[in-house]
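> Quick one: this structure, given as structure tokens, is what I'll be asking you about.
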Amino acid sequence: MINLLSWHGGCNLTTCYGYSNISPPETGIQKTNTMPLNNASLGWLLALGIYDFDTWQHSRRVANIALSLARREDIKNKTSENVWYGALLHDIGKIYIPQKILQKPDKLVEEEWQIVKKHPTHAHDMLSTQNNIPSINDVVYCHHERWDGDGYPRGLRGNDIPIAARLFAVVDVWDALGSDRPYRPAWSQEKVREYIEKESGKHFDPRIADIFLKMDLDALHTTGKVH
Ligand SMILES: [Fe+2]
């Protein structure tokens, strides 16, 4: 529980409930006066940490790395900041997925897989009633879409996938493959890099995959800091 409540920069989820300083790391990004996460969103985040701690830790890691990539993509400042929030919230829909499925040590059967694939839609439904910041919802709703159109939940293709989700998808897969999961050990960094290269133009926007692979991934993997 102590780990769950810890937050970078001295913030924790208790103070976050008071709308304190849950925000991206200092990056030179122009801060807005309004924090885009309301109490409901923060409550879901806390619930996810309790319900599925591995996903919570993954969400914290990818938020900073996605922000680094968003800055390199020369996206507008406010959008970059919202990618950080979107990354943090991207898997909150998993609180609707039974834990026996999320933590299953074996490969999922088709019926279980179909349940898991609903988590972006669950999260979108949860957030769409709470705020109107498109780039946050874009990450949450579209992070499992694929450049070639074979993703879910809507099978969007190419540039029809919002840019925030396209860049986050690379970071999400990179961190997921490089981390231990109940059904497999973590891949080596070399093997993950080869996978990103192989899936460039299939799973991933090739321009974004190329930019990502030019980042100092060893440093990101080790520190998770924004560069
Ligand atoms: Fe996901």
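Labels for the structure tokens follow display order: chains A, B, ..., residues from 1 in each chain, ligands from 1.
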Which residues, written as a PyMOL selection string, have at least one atom at most 8 Å from segment 116-130 of chain A, with only C-alpha atoms counted and residues fewer than 2 positions away on the same chain left out?
chain A and resi 38+40-41+90-94+96-97+101-102+112-114+132+137+140-144+152-153
> Which one is closest to ligand 1: A:Ser59, A:Gln189, A:Ser200, A:Asn39? Count only C-alpha atoms and all ligand atoms.
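Closest to ligand 1, using only C-alpha atoms and all ligand atoms: A:Ser59.
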> I'd like the neighbourhood of Leu156 of chain A as a list of chain:residue names, where a residue qualifies if any of its atoms comes within 9 Å (using only C-alpha atoms), though same-chain residues fewer than 4 positions away should be ignored.
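Once the adjacent positions are removed, what remains is A:Cys142, A:Glu145, A:Arg146, A:Trp147, A:Asp148, A:Gly149, A:Asp150, A:Gly151, A:Tyr152, A:Asp160, A:Ile161.
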> Can you measure atom CA of Gly158 of chain A to atom CA of Lys202 of chain A for me? One decimal in Å is fine.
9.5 Å
> Using only C-alpha atoms and all ligand atoms, which of the listed residues (A:Phe212, A:Trp56, A:Trp44, A:Tyr183) sits closest to ligand 1?
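Using only C-alpha atoms and all ligand atoms, ligand 1 sits closest to A:Trp56.
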> Any idea what the distance is between atom CA of Arg184 of chain A and atom CA of His203 of chain A?
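Those two atoms sit 20.9 Å apart.
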> What does the structure give for the distance between atom CA of Gln57 of chain A and atom CA of Ser179 of chain A, in Å to one decimal?
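Between atom CA of Gln57 of chain A and atom CA of Ser179 of chain A the gap works out to 10.5 Å.
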